[in-house]
>>> print(open('start.txt').read())   # compact mmCIF, C-alpha atoms (C1' of nucleotides)
# COMPACT_ATOMS: atom_id res chain seq x y z
CA MET A 21 -8.36 -0.35 -17.17
CA PRO A 22 -7.76 -4.11 -16.87
CA TRP A 23 -10.19 -4.41 -13.95
CA GLN A 24 -12.92 -2.93 -16.14
CA GLN A 25 -12.65 -5.77 -18.68
CA ASP A 26 -15.00 -8.70 -18.02
CA ILE A 27 -15.97 -7.21 -14.67
CA THR A 28 -16.53 -9.62 -11.77
CA PRO A 29 -17.01 -8.89 -8.06
CA TYR A 30 -13.67 -10.64 -7.44
CA LYS A 31 -11.79 -8.36 -9.85
CA VAL A 32 -13.54 -5.31 -8.42
CA TRP A 33 -12.46 -6.36 -4.94
CA ILE A 34 -8.80 -6.97 -5.82
CA SER A 35 -8.51 -3.76 -7.84
CA GLU A 36 -10.18 -1.66 -5.14
CA ILE A 37 -7.76 -2.94 -2.52
CA MET A 38 -4.74 -2.40 -4.78
CA LEU A 39 -5.87 1.12 -5.62
CA GLN A 40 -6.13 2.22 -1.99
CA GLN A 41 -3.64 5.08 -1.56
CA THR A 42 -2.00 3.92 -4.77
CA GLN A 43 -1.61 5.44 -8.24
CA VAL A 44 -3.51 3.74 -11.05
CA SER A 45 -0.38 3.34 -13.16
CA THR A 46 1.41 1.63 -10.26
CA ALA A 47 -1.42 -0.82 -9.64
CA ILE A 48 -1.96 -2.00 -13.23
CA PRO A 49 0.98 -4.44 -13.58
CA TYR A 50 0.38 -5.80 -10.08
CA PHE A 51 -3.28 -6.42 -10.89
CA LEU A 52 -2.47 -8.27 -14.13
CA LYS A 53 0.09 -10.55 -12.46
CA PHE A 54 -2.11 -11.16 -9.42
CA ILE A 55 -5.19 -12.14 -11.42
CA LYS A 56 -3.15 -14.42 -13.66
CA ARG A 57 -1.76 -16.33 -10.65
CA PHE A 58 -4.93 -16.13 -8.50
CA PRO A 59 -7.81 -16.11 -11.04
CA ASP A 60 -10.52 -16.88 -8.47
CA ILE A 61 -11.26 -16.91 -4.76
CA ASP A 62 -10.55 -20.62 -4.26
CA THR A 63 -7.12 -20.40 -5.88
CA LEU A 64 -6.32 -17.44 -3.66
CA ALA A 65 -7.69 -19.06 -0.50
CA ASP A 66 -5.44 -22.10 -1.02
CA ALA A 67 -2.26 -20.03 -1.52
CA SER A 68 0.39 -19.40 1.14
CA GLU A 69 0.78 -16.00 2.74
CA ASP A 70 4.41 -15.91 1.56
CA GLU A 71 3.36 -16.32 -2.06
CA VAL A 72 0.57 -13.75 -1.86
CA LEU A 73 3.05 -11.30 -0.34
CA SER A 74 5.49 -12.00 -3.19
CA TYR A 75 2.83 -10.79 -5.63
CA TRP A 76 2.44 -7.66 -3.48
CA SER A 77 6.18 -6.94 -3.13
CA GLY A 78 6.87 -3.31 -3.98
CA LEU A 79 3.25 -2.23 -3.80
CA GLY A 80 3.30 -1.32 -0.10
CA TYR A 81 0.72 -1.41 2.70
CA TYR A 82 1.24 -5.15 3.00
CA THR A 83 -1.59 -5.59 5.48
CA ARG A 84 -3.79 -5.29 2.39
CA ALA A 85 -2.28 -8.47 0.94
CA ARG A 86 -2.49 -10.39 4.20
CA ASN A 87 -6.10 -9.32 4.60
CA ILE A 88 -6.95 -10.32 1.03
CA LEU A 89 -5.77 -13.85 1.81
CA LYS A 90 -7.65 -13.95 5.12
CA SER A 91 -10.79 -12.68 3.41
CA ALA A 92 -10.52 -15.22 0.59
CA GLN A 93 -10.30 -18.02 3.15
CA ALA A 94 -13.34 -16.65 4.97
CA ILE A 95 -15.31 -16.21 1.73
CA LYS A 96 -14.55 -19.79 0.72
CA ILE A 97 -15.92 -21.17 3.97
CA GLU A 98 -18.64 -18.74 4.99
CA PHE A 99 -19.96 -17.53 1.64
CA LYS A 100 -19.43 -20.56 -0.64
CA SER A 101 -16.56 -18.87 -2.48
CA ASN A 102 -18.61 -15.86 -3.56
CA LEU A 103 -18.23 -12.33 -2.31
CA PRO A 104 -21.33 -11.38 -0.33
CA LYS A 105 -23.64 -8.71 -1.74
CA SER A 106 -24.65 -6.83 1.38
CA ILE A 107 -22.58 -4.04 2.90
CA GLU A 108 -23.05 -5.57 6.35
CA GLU A 109 -21.54 -8.88 5.30
CA LEU A 110 -18.81 -7.33 3.15
CA VAL A 111 -17.44 -5.17 5.96
CA THR A 112 -17.02 -8.23 8.19
CA LEU A 113 -14.18 -9.28 5.86
CA PRO A 114 -10.74 -7.98 6.89
CA GLY A 115 -9.50 -5.10 4.74
CA ILE A 116 -12.94 -4.29 3.36
CA GLY A 117 -14.30 -1.07 4.83
CA ARG A 118 -17.48 0.74 4.03
CA SER A 119 -16.24 2.38 0.84
CA THR A 120 -14.67 -0.74 -0.67
CA ALA A 121 -17.82 -2.64 0.25
CA GLY A 122 -19.86 -0.04 -1.62
CA ALA A 123 -17.64 -0.36 -4.69
CA ILE A 124 -17.92 -4.16 -4.71
CA ARG A 125 -21.70 -4.01 -4.32
CA SER A 126 -22.29 -1.30 -6.92
CA ILE A 127 -19.62 -1.96 -9.55
CA GLY A 128 -19.35 -5.70 -8.99
CA TYR A 129 -23.02 -6.56 -8.50
CA GLY A 130 -24.80 -3.53 -9.99
CA LEU A 131 -26.70 -2.97 -6.74
CA LYS A 132 -27.37 0.27 -4.91
CA ALA A 133 -24.63 1.42 -2.55
CA PRO A 134 -22.80 4.67 -1.85
CA ILE A 135 -19.02 4.89 -1.76
CA LEU A 136 -16.73 7.50 -0.25
CA ASP A 137 -13.19 7.20 -1.48
CA GLY A 138 -10.76 10.06 -2.03
CA ASN A 139 -12.15 10.93 -5.44
CA VAL A 140 -15.77 10.98 -4.34
CA LYS A 141 -14.89 12.99 -1.23
CA ARG A 142 -13.22 15.62 -3.41
CA VAL A 143 -16.12 15.78 -5.89
CA LEU A 144 -18.79 16.02 -3.21
CA SER A 145 -16.92 18.50 -1.02
CA ARG A 146 -16.48 20.82 -3.99
CA TYR A 147 -19.95 20.33 -5.39
CA PHE A 148 -21.57 21.12 -2.03
CA LYS A 149 -18.87 23.63 -0.94
CA ILE A 150 -17.71 21.90 2.23
CA GLU A 151 -14.84 24.03 3.48
CA GLU A 152 -14.13 22.24 6.75
CA ASP A 153 -11.62 19.45 7.48
CA LEU A 154 -13.05 16.40 5.70
CA ASN A 155 -11.56 14.08 8.30
CA LYS A 156 -13.75 15.40 11.11
CA SER A 157 -16.23 12.72 12.04
CA SER A 158 -19.18 15.07 11.67
CA ILE A 159 -18.07 15.91 8.13
CA GLN A 160 -17.44 12.26 7.31
CA LYS A 161 -21.00 11.54 8.38
CA GLU A 162 -22.32 14.38 6.26
CA LEU A 163 -20.37 13.19 3.22
CA TRP A 164 -21.73 9.66 3.57
CA LEU A 165 -25.26 11.05 3.71
CA LEU A 166 -24.62 13.17 0.62
CA SER A 167 -23.06 10.23 -1.22
CA GLU A 168 -26.19 8.22 -0.48
CA LYS A 169 -28.51 11.08 -1.35
CA VAL A 170 -27.09 11.74 -4.81
CA LEU A 171 -27.33 8.10 -5.92
CA PRO A 172 -29.37 7.55 -9.09
CA LYS A 173 -32.41 5.28 -9.30
CA SER A 174 -30.70 2.73 -11.51
CA ASN A 175 -27.40 1.94 -13.28
CA PHE A 176 -25.50 1.96 -10.01
CA ASN A 177 -22.42 0.35 -11.53
CA VAL A 178 -22.18 3.01 -14.25
CA TYR A 179 -22.79 5.81 -11.76
CA THR A 180 -20.20 4.65 -9.23
CA GLN A 181 -17.50 4.20 -11.83
CA ALA A 182 -18.45 7.57 -13.33
CA ILE A 183 -18.14 9.61 -10.14
CA MET A 184 -14.80 7.96 -9.37
CA ASP A 185 -13.57 8.71 -12.88
CA LEU A 186 -14.86 12.26 -12.64
CA GLY A 187 -12.73 12.75 -9.52
CA ALA A 188 -9.69 11.07 -11.01
CA LEU A 189 -9.71 12.69 -14.45
CA VAL A 190 -11.63 15.98 -14.23
CA CYS A 191 -12.17 17.06 -10.62
CA LYS A 192 -8.47 16.55 -9.86
CA ARG A 193 -6.70 17.62 -6.70
CA LYS A 194 -4.67 20.18 -8.62
CA ASN A 195 -5.83 22.12 -11.68
CA PRO A 196 -9.30 20.63 -11.98
CA ASP A 197 -10.70 20.82 -15.50
CA CYS A 198 -13.94 22.58 -14.56
CA ALA A 199 -14.54 23.76 -18.13
CA SER A 200 -15.13 20.20 -19.28
CA CYS A 201 -17.00 19.05 -16.16
CA PRO A 202 -20.58 17.96 -16.90
CA GLN A 203 -21.65 19.28 -13.49
CA ASN A 204 -19.91 22.66 -13.57
CA LYS A 205 -23.16 24.65 -13.65
CA TYR A 206 -24.25 23.22 -10.31
CA CYS A 207 -20.90 22.96 -8.51
CA LEU A 208 -20.66 25.51 -5.68
CA ALA A 209 -16.85 25.42 -5.52
CA ASN A 210 -16.77 26.31 -9.20
CA LYS A 211 -19.37 29.01 -8.75
CA TYR A 212 -17.46 30.68 -5.89
CA ASN A 213 -13.99 29.93 -7.30
CA LEU A 214 -13.05 27.70 -4.37
CA THR A 215 -11.67 24.64 -6.15
CA GLU A 216 -8.15 25.44 -4.92
CA SER A 217 -9.14 25.63 -1.25
CA ILE A 218 -11.54 22.68 -1.24
CA PRO A 219 -10.84 20.12 0.02
CA LEU A 220 -8.94 21.72 2.91
CA LYS A 221 -5.28 20.75 3.01
CA GLN A 222 -3.95 18.97 6.08
CA ASN A 223 -1.06 20.39 8.05
CA LYS A 224 1.42 17.57 8.25
CA LYS A 225 3.89 16.97 11.01
CA GLU A 226 7.58 16.25 10.76
CA LYS A 227 8.70 12.70 10.13
CA PRO A 228 11.11 11.15 12.64
CA LEU A 229 14.31 9.47 11.38
CA LYS A 230 15.15 5.88 12.29
CA ASN A 231 18.25 3.81 11.56
CA LEU A 232 18.57 0.15 10.66
CA TYR A 233 21.64 -2.01 10.03
CA TRP A 234 21.46 -4.92 7.60
CA LEU A 235 23.97 -7.69 7.08
CA VAL A 236 23.85 -8.91 3.49
CA ALA A 237 25.62 -12.28 3.38
CA ILE A 238 26.06 -13.73 -0.11
CA ASP A 239 27.74 -17.02 -0.99
CA GLN A 240 29.48 -17.92 -4.24
CA LYS A 241 26.33 -19.46 -5.70
CA GLY A 242 24.50 -16.17 -5.30
CA ARG A 243 22.52 -17.33 -2.31
CA PHE A 244 21.68 -14.85 0.41
CA ALA A 245 20.40 -14.96 3.99
CA LEU A 246 17.02 -13.42 4.84
CA GLN A 247 14.91 -13.32 7.97
CA GLN A 248 11.17 -12.95 8.27
CA LYS A 249 9.78 -9.86 9.98
CA GLU A 250 7.75 -10.26 13.14
CA ARG A 251 4.09 -9.40 13.49
CA ASN A 252 4.61 -5.80 14.52
CA GLY A 253 5.62 -2.60 12.81
CA VAL A 254 6.20 -2.21 9.08
CA TRP A 255 6.76 -5.03 6.61
CA GLN A 256 5.06 -7.66 8.75
CA GLY A 257 5.61 -11.15 7.35
CA LEU A 258 8.06 -9.93 4.70
CA TRP A 259 11.69 -11.06 4.44
CA THR A 260 14.63 -8.68 4.93
CA PHE A 261 18.37 -9.16 5.30
CA LEU A 262 19.72 -9.91 8.77
CA GLU A 263 18.59 -6.89 10.70
CA PHE A 264 20.12 -5.06 13.66
CA GLU A 265 19.08 -1.92 15.47
CA GLU A 266 22.67 -1.02 16.44
CA ILE A 267 25.79 -1.22 14.31
CA GLU A 268 27.69 -2.82 17.22
CA LEU A 269 25.25 -5.71 17.30
CA ARG A 270 25.86 -6.34 13.62
CA GLU A 271 29.65 -6.31 14.16
CA HIS A 272 29.28 -8.74 17.01
CA TYR A 273 27.16 -11.07 14.91
CA TYR A 274 29.56 -10.86 12.00
CA LYS A 275 32.59 -11.65 14.15
CA ASN A 276 30.94 -14.58 15.86
CA PHE A 277 29.09 -16.32 13.05
CA MET A 278 30.90 -15.53 9.81
CA GLU A 279 34.29 -17.05 8.98
CA GLU A 280 36.52 -14.20 7.94
CA SER A 281 38.93 -16.52 6.11
CA ALA A 282 36.24 -17.22 3.52
CA LEU A 283 35.52 -13.56 2.89
CA ILE A 284 35.97 -12.25 -0.67
CA SER A 285 34.73 -8.71 -0.27
CA ARG A 286 33.26 -6.38 2.30
CA ASP A 287 31.29 -3.35 1.07
CA LYS A 288 29.00 -0.75 2.52
CA LEU A 289 25.73 0.43 0.97
CA LYS A 290 23.53 3.19 2.37
CA ILE A 291 19.91 3.58 1.38
CA LYS A 292 17.50 6.32 2.38
CA HIS A 293 13.94 5.02 2.53
CA SER A 294 10.86 7.07 3.22
CA PHE A 295 7.62 5.84 4.73
CA SER A 296 4.43 7.81 5.08
CA HIS A 297 5.12 8.27 8.82
CA TYR A 298 8.91 8.14 9.23
CA ASN A 299 12.19 8.19 7.33
CA LEU A 300 14.57 5.28 7.48
CA ASP A 301 18.32 5.21 6.88
CA ILE A 302 19.47 1.68 6.10
CA ASP A 303 23.18 0.94 6.50
CA SER A 304 24.00 -2.34 4.77
CA LEU A 305 27.18 -4.39 5.12
CA ILE A 306 27.61 -6.50 1.98
CA LEU A 307 29.70 -9.62 2.61
CA LYS A 308 30.63 -12.04 -0.16
CA PHE A 309 32.05 -15.44 0.70
CA ASP A 310 33.97 -17.80 -1.57
CA SER A 311 32.87 -21.11 -0.10
CA ASN A 312 30.68 -22.64 2.53
CA PHE A 313 31.14 -20.82 5.79
CA SER A 314 29.48 -20.84 9.15
CA LYS A 315 25.81 -20.80 8.35
CA LYS A 316 24.51 -20.61 11.87
CA VAL A 317 21.51 -18.44 11.32
CA GLY A 318 18.71 -17.79 13.75
CA ASN A 319 15.30 -19.36 14.03
CA ASN A 320 13.51 -17.31 11.42
CA GLN A 321 16.47 -16.97 9.05
CA MET A 322 16.99 -18.91 5.82
CA TRP A 323 19.12 -18.96 2.70
CA PHE A 324 17.52 -18.18 -0.63
CA ASP A 325 18.41 -17.54 -4.24
CA LYS A 326 16.79 -15.16 -6.72
CA ASN A 327 14.49 -17.91 -7.95
CA ASP A 328 12.92 -18.15 -4.48
CA LEU A 329 11.69 -14.57 -4.63
CA LYS A 330 8.49 -15.58 -6.39
CA SER A 331 7.44 -17.42 -3.26
CA LEU A 332 8.19 -14.85 -0.57
CA GLY A 333 7.55 -11.16 0.02
CA THR A 334 10.39 -8.65 0.13
CA PRO A 335 10.11 -4.89 0.80
CA ALA A 336 11.36 -2.47 -1.84
CA PRO A 337 14.85 -1.81 -0.39
CA VAL A 338 15.57 -5.58 -0.19
CA THR A 339 14.48 -6.03 -3.80
CA LYS A 340 16.72 -3.14 -4.83
CA ILE A 341 19.78 -4.53 -3.05
CA ILE A 342 19.26 -7.99 -4.53
CA GLU A 343 19.02 -6.52 -8.02
CA LYS A 344 22.07 -4.37 -7.49
CA VAL A 345 24.61 -6.58 -5.74
CA ILE A 346 23.61 -10.20 -6.38
C1' DT B 22 -9.82 10.90 17.27
C1' DA B 23 -5.23 10.25 15.85
C1' DT B 24 -1.98 7.28 14.23
C1' DA B 25 0.13 3.26 11.75
C1' DC B 26 0.72 1.44 7.53
C1' DG B 27 4.65 1.70 1.61
C1' DT B 28 5.96 3.11 -2.49
C1' DG B 29 7.14 5.50 -6.78
C1' DG B 30 6.06 9.38 -9.48
C1' DT B 31 5.70 14.38 -9.83
C1' DT B 32 6.98 18.97 -8.87
C1' DT C 30 15.84 17.83 -3.57
C1' DA C 31 12.46 17.51 -0.21
C1' DA C 32 7.78 17.71 -0.23
C1' DC C 33 3.59 16.00 -1.65
C1' DC C 34 0.70 13.09 -3.13
C1' DA C 35 -2.72 8.43 -4.81
C1' DA C 36 -9.39 4.64 -5.63
C1' DG C 37 -8.65 3.52 2.94
C1' DT C 38 -8.72 0.38 6.79
C1' DA C 39 -7.67 -1.03 11.40
C1' DT C 40 -6.90 0.02 15.95
>>> encode(input="start.txt", output="structure tokens")
Amino acid sequence: MPWQQDITPYKVWISEIMLQQTQVSTAIPYFLKFIKRFPDIDTLADASEDEVLSYWSGLGYYTRARNILKSAQAIKIEFKSNLPKSIEELVTLPGIGRSTAGAIRSIGYGLKAPILDGNVKRVLSRYFKIEEDLNKSSIQKELWLLSEKVLPKSNFNVYTQAIMDLGALVCKRKNPDCASCPQNKYCLANKYNLTESIPLKQNKKEKPLKNLYWLVAIDQKGRFALQQKERNGVWQGLWTFLEFEEIELREHYYKNFMEESALISRDKLKIKHSFSHYNLDIDSLILKFDSNFSKKVGNNQMWFDKNDLKSLGTPAPVTKIIEKVI
DNA sequence: TATACGTGGTT
DNA sequence: TAACCAAGTAT
């Protein structure tokens, strides 16, 4: 993996954040581009939030990117541009929890620290046959104690990477390869044939459906109007098309601020988008104009072209529409 | 303690 | 196709 070449605490940090709830294959190209543009903490600390978000566009959980920038700025000032080594100091940085702190300390600095990410949780819960809900606080506490207890006496960086890799490649969620596991003789889940039922699966609840109405205004030079999302809900700080919660509001806006005489085409585009906690139907009105028209846009709205996208963040559906219709 | 927070790949 | 993930943290 690219983050395992010329390992530094900085690269461990960035990769750990990118890999949170994210597939390895998805994170790789993002990591390579990010490290090329922001090779060290000072470069990152001096960047704008818009640009950092542009390098995160499509990766999701954008709070991670905003927190990486905030943390870089704090590290520059409070820790002389070096990631701290202690868990206590690391977890003061936004976006770094106990497990990521443990990974930075052990893999990045080679010092003793337990971690408890999804892979390690799965390995430990099977090895020690923990059949309860792993999210219960009492079980979380037990798992942290076990993670600490099984640490070796040395080679903490090798050990931490190894137990994560064991979870990712051998002790997989589905169809674990117990035959090739170096710990299979001691694993209680293997002994009692419980690898399918451990860890316990969550019962998930139904996702609500929300609707959103976008107005995609494009001029003859291929420029398009975007507005920046507020500091609440999903996609905070990212740029979307002009957004309305009711179709009537979009019609009203269109009739009042767009000059119909300049209109070339008027198309509809529907996109179904799925979040982890709700589904979203996006109804987009695509308007193309042949010349300058009324460009009265609101406070947080601006006109951009494709070249501007490297300096601002856009959520996946916006990126898709730009690629498709502009 | 439960919920918010994204996305693309796999089945 | 809809469901189900995949290296968590913040509130």
>>> atom_distance(input="start.txt", atom1="atom CA of Pro228 of chain A", atom2="atom CA of Asp303 of chain A")
17.0 Å
>>> residues_near_point(input="start.txt", point="(-6.7, 0.7, 12.1)", cutoff="12 Å", atoms="all atoms listed in the file", output="list in words")
Thr83, Arg84, Pro114, Gly115, Ile116 and Gly117 of chain A; DT22, DA23, DT24, DA25 and DC26 of chain B; DG37, DT38, DA39 and DT40 of chain C
>>> atom_distance(input="start.txt", atom1="atom CA of Asp328 of chain A", atom2="atom C1' of DT28 of chain B")
22.5 Å
>>> atom_distance(input="start.txt", atom1="atom CA of Lys230 of chain A", atom2="atom CA of Ile341 of chain A")
19.1 Å
>>> interface_residues(input="start.txt", of="chain A", to="chain C", cutoff="8 Å", atoms="only C-alpha atoms (C1' of nucleotides)", output="list in words")
Glu36, Leu39, Gln40, Gln41, Thr42, Gln43, Val44, Gly115, Ile116, Gly117, Ser119, Asp137, Gly138, Asn139 and Met184 of chain A
>>> residues_around(input="start.txt", residues="Pro196 of chain A", least_positions_apart="6", cutoff="10 Å", atoms="all atoms listed in the file", output="list in words")
Gly187, Ala188, Leu189, Val190, Asn210, Thr215 and Glu216 of chain A
>>> build_atoms(input="start.txt", residues="segment 28-39 of chain A", atoms="all heavy atoms", output="mmCIF file, keeping the file's coordinate frame")
data_model
loop_
_atom_site.group_PDB
_atom_site.id
_atom_site.type_symbol
_atom_site.label_atom_id
_atom_site.label_comp_id
_atom_site.auth_asym_id
_atom_site.auth_seq_id
_atom_site.Cartn_x
_atom_site.Cartn_y
_atom_site.Cartn_z
ATOM 1 N N THR A 28 -15.954 -8.701 -12.751
ATOM 2 C CA THR A 28 -16.530 -9.620 -11.770
ATOM 3 C C THR A 28 -16.361 -9.007 -10.393
ATOM 4 O O THR A 28 -15.465 -8.169 -10.197
ATOM 5 C CB THR A 28 -15.811 -10.987 -11.785
ATOM 6 O OG1 THR A 28 -14.449 -10.782 -11.383
ATOM 7 C CG2 THR A 28 -15.854 -11.635 -13.178
ATOM 8 N N PRO A 29 -17.191 -9.408 -9.422
ATOM 9 C CA PRO A 29 -17.010 -8.890 -8.060
ATOM 10 C C PRO A 29 -15.590 -9.159 -7.539
ATOM 11 O O PRO A 29 -15.013 -8.316 -6.843
ATOM 12 C CB PRO A 29 -18.059 -9.655 -7.250
ATOM 13 C CG PRO A 29 -19.124 -9.961 -8.250
ATOM 14 C CD PRO A 29 -18.403 -10.244 -9.534
ATOM 15 N N TYR A 30 -15.037 -10.311 -7.889
ATOM 16 C CA TYR A 30 -13.670 -10.640 -7.440
ATOM 17 C C TYR A 30 -12.660 -9.624 -7.967
ATOM 18 O O TYR A 30 -11.826 -9.104 -7.217
ATOM 19 C CB TYR A 30 -13.312 -12.052 -7.912
ATOM 20 C CG TYR A 30 -11.893 -12.471 -7.601
ATOM 21 C CD1 TYR A 30 -11.474 -12.659 -6.284
ATOM 22 C CD2 TYR A 30 -10.963 -12.686 -8.622
ATOM 23 C CE1 TYR A 30 -10.178 -13.047 -5.994
ATOM 24 C CE2 TYR A 30 -9.667 -13.086 -8.341
ATOM 25 C CZ TYR A 30 -9.273 -13.264 -7.026
ATOM 26 O OH TYR A 30 -7.982 -13.644 -6.749
ATOM 27 N N LYS A 31 -12.744 -9.317 -9.268
ATOM 28 C CA LYS A 31 -11.790 -8.360 -9.850
ATOM 29 C C LYS A 31 -12.015 -6.951 -9.293
ATOM 30 O O LYS A 31 -11.056 -6.202 -9.096
ATOM 31 C CB LYS A 31 -11.885 -8.370 -11.378
ATOM 32 C CG LYS A 31 -11.206 -9.581 -11.993
ATOM 33 C CD LYS A 31 -10.962 -9.389 -13.484
ATOM 34 C CE LYS A 31 -12.045 -10.039 -14.289
ATOM 35 N NZ LYS A 31 -11.759 -10.036 -15.745
ATOM 36 N N VAL A 32 -13.258 -6.610 -9.032
ATOM 37 C CA VAL A 32 -13.540 -5.310 -8.420
ATOM 38 C C VAL A 32 -12.887 -5.242 -7.040
ATOM 39 O O VAL A 32 -12.231 -4.251 -6.689
ATOM 40 C CB VAL A 32 -15.058 -5.056 -8.312
ATOM 41 C CG1 VAL A 32 -15.330 -3.786 -7.508
ATOM 42 C CG2 VAL A 32 -15.685 -4.956 -9.697
ATOM 43 N N TRP A 33 -13.042 -6.310 -6.284
ATOM 44 C CA TRP A 33 -12.460 -6.360 -4.940
ATOM 45 C C TRP A 33 -10.940 -6.192 -4.985
ATOM 46 O O TRP A 33 -10.394 -5.295 -4.330
ATOM 47 C CB TRP A 33 -12.845 -7.701 -4.280
ATOM 48 C CG TRP A 33 -12.161 -8.006 -2.991
ATOM 49 C CD1 TRP A 33 -11.904 -7.138 -1.963
ATOM 50 C CD2 TRP A 33 -11.650 -9.286 -2.575
ATOM 51 N NE1 TRP A 33 -11.266 -7.798 -0.938
ATOM 52 C CE2 TRP A 33 -11.102 -9.113 -1.281
ATOM 53 C CE3 TRP A 33 -11.629 -10.553 -3.163
ATOM 54 C CZ2 TRP A 33 -10.526 -10.159 -0.568
ATOM 55 C CZ3 TRP A 33 -11.051 -11.600 -2.451
ATOM 56 C CH2 TRP A 33 -10.512 -11.396 -1.180
ATOM 57 N N ILE A 34 -10.262 -7.028 -5.765
ATOM 58 C CA ILE A 34 -8.800 -6.970 -5.820
ATOM 59 C C ILE A 34 -8.320 -5.604 -6.290
ATOM 60 O O ILE A 34 -7.404 -5.001 -5.717
ATOM 61 C CB ILE A 34 -8.240 -8.081 -6.737
ATOM 62 C CG1 ILE A 34 -8.663 -9.476 -6.222
ATOM 63 C CG2 ILE A 34 -6.718 -7.974 -6.854
ATOM 64 C CD1 ILE A 34 -8.189 -9.806 -4.830
ATOM 65 N N SER A 35 -8.961 -5.060 -7.316
ATOM 66 C CA SER A 35 -8.510 -3.760 -7.840
ATOM 67 C C SER A 35 -8.764 -2.649 -6.820
ATOM 68 O O SER A 35 -7.917 -1.771 -6.638
ATOM 69 C CB SER A 35 -9.203 -3.441 -9.159
ATOM 70 O OG SER A 35 -10.600 -3.306 -9.001
ATOM 71 N N GLU A 36 -9.896 -2.690 -6.140
ATOM 72 C CA GLU A 36 -10.180 -1.660 -5.140
ATOM 73 C C GLU A 36 -9.152 -1.669 -4.021
ATOM 74 O O GLU A 36 -8.727 -0.606 -3.559
ATOM 75 C CB GLU A 36 -11.586 -1.845 -4.559
ATOM 76 C CG GLU A 36 -12.710 -1.426 -5.499
ATOM 77 C CD GLU A 36 -12.641 0.053 -5.859
ATOM 78 O OE1 GLU A 36 -12.311 0.864 -4.976
ATOM 79 O OE2 GLU A 36 -12.898 0.392 -7.018
ATOM 80 N N ILE A 37 -8.762 -2.863 -3.585
ATOM 81 C CA ILE A 37 -7.760 -2.940 -2.520
ATOM 82 C C ILE A 37 -6.410 -2.411 -3.039
ATOM 83 O O ILE A 37 -5.747 -1.614 -2.378
ATOM 84 C CB ILE A 37 -7.593 -4.392 -2.016
ATOM 85 C CG1 ILE A 37 -8.935 -4.939 -1.482
ATOM 86 C CG2 ILE A 37 -6.508 -4.470 -0.942
ATOM 87 C CD1 ILE A 37 -9.488 -4.247 -0.280
ATOM 88 N N MET A 38 -6.029 -2.845 -4.238
ATOM 89 C CA MET A 38 -4.740 -2.400 -4.780
ATOM 90 C C MET A 38 -4.692 -0.890 -4.978
ATOM 91 O O MET A 38 -3.638 -0.270 -4.859
ATOM 92 C CB MET A 38 -4.462 -3.089 -6.119
ATOM 93 C CG MET A 38 -3.998 -4.511 -5.970
ATOM 94 S SD MET A 38 -3.413 -5.151 -7.563
ATOM 95 C CE MET A 38 -2.821 -6.768 -7.033
ATOM 96 N N LEU A 39 -5.843 -0.303 -5.307
ATOM 97 C CA LEU A 39 -5.870 1.120 -5.620
ATOM 98 C C LEU A 39 -5.941 2.013 -4.390
ATOM 99 O O LEU A 39 -5.854 3.232 -4.508
ATOM 100 C CB LEU A 39 -7.047 1.410 -6.565
ATOM 101 C CG LEU A 39 -6.826 0.900 -7.997
ATOM 102 C CD1 LEU A 39 -8.140 0.833 -8.751
ATOM 103 C CD2 LEU A 39 -5.839 1.789 -8.731
#
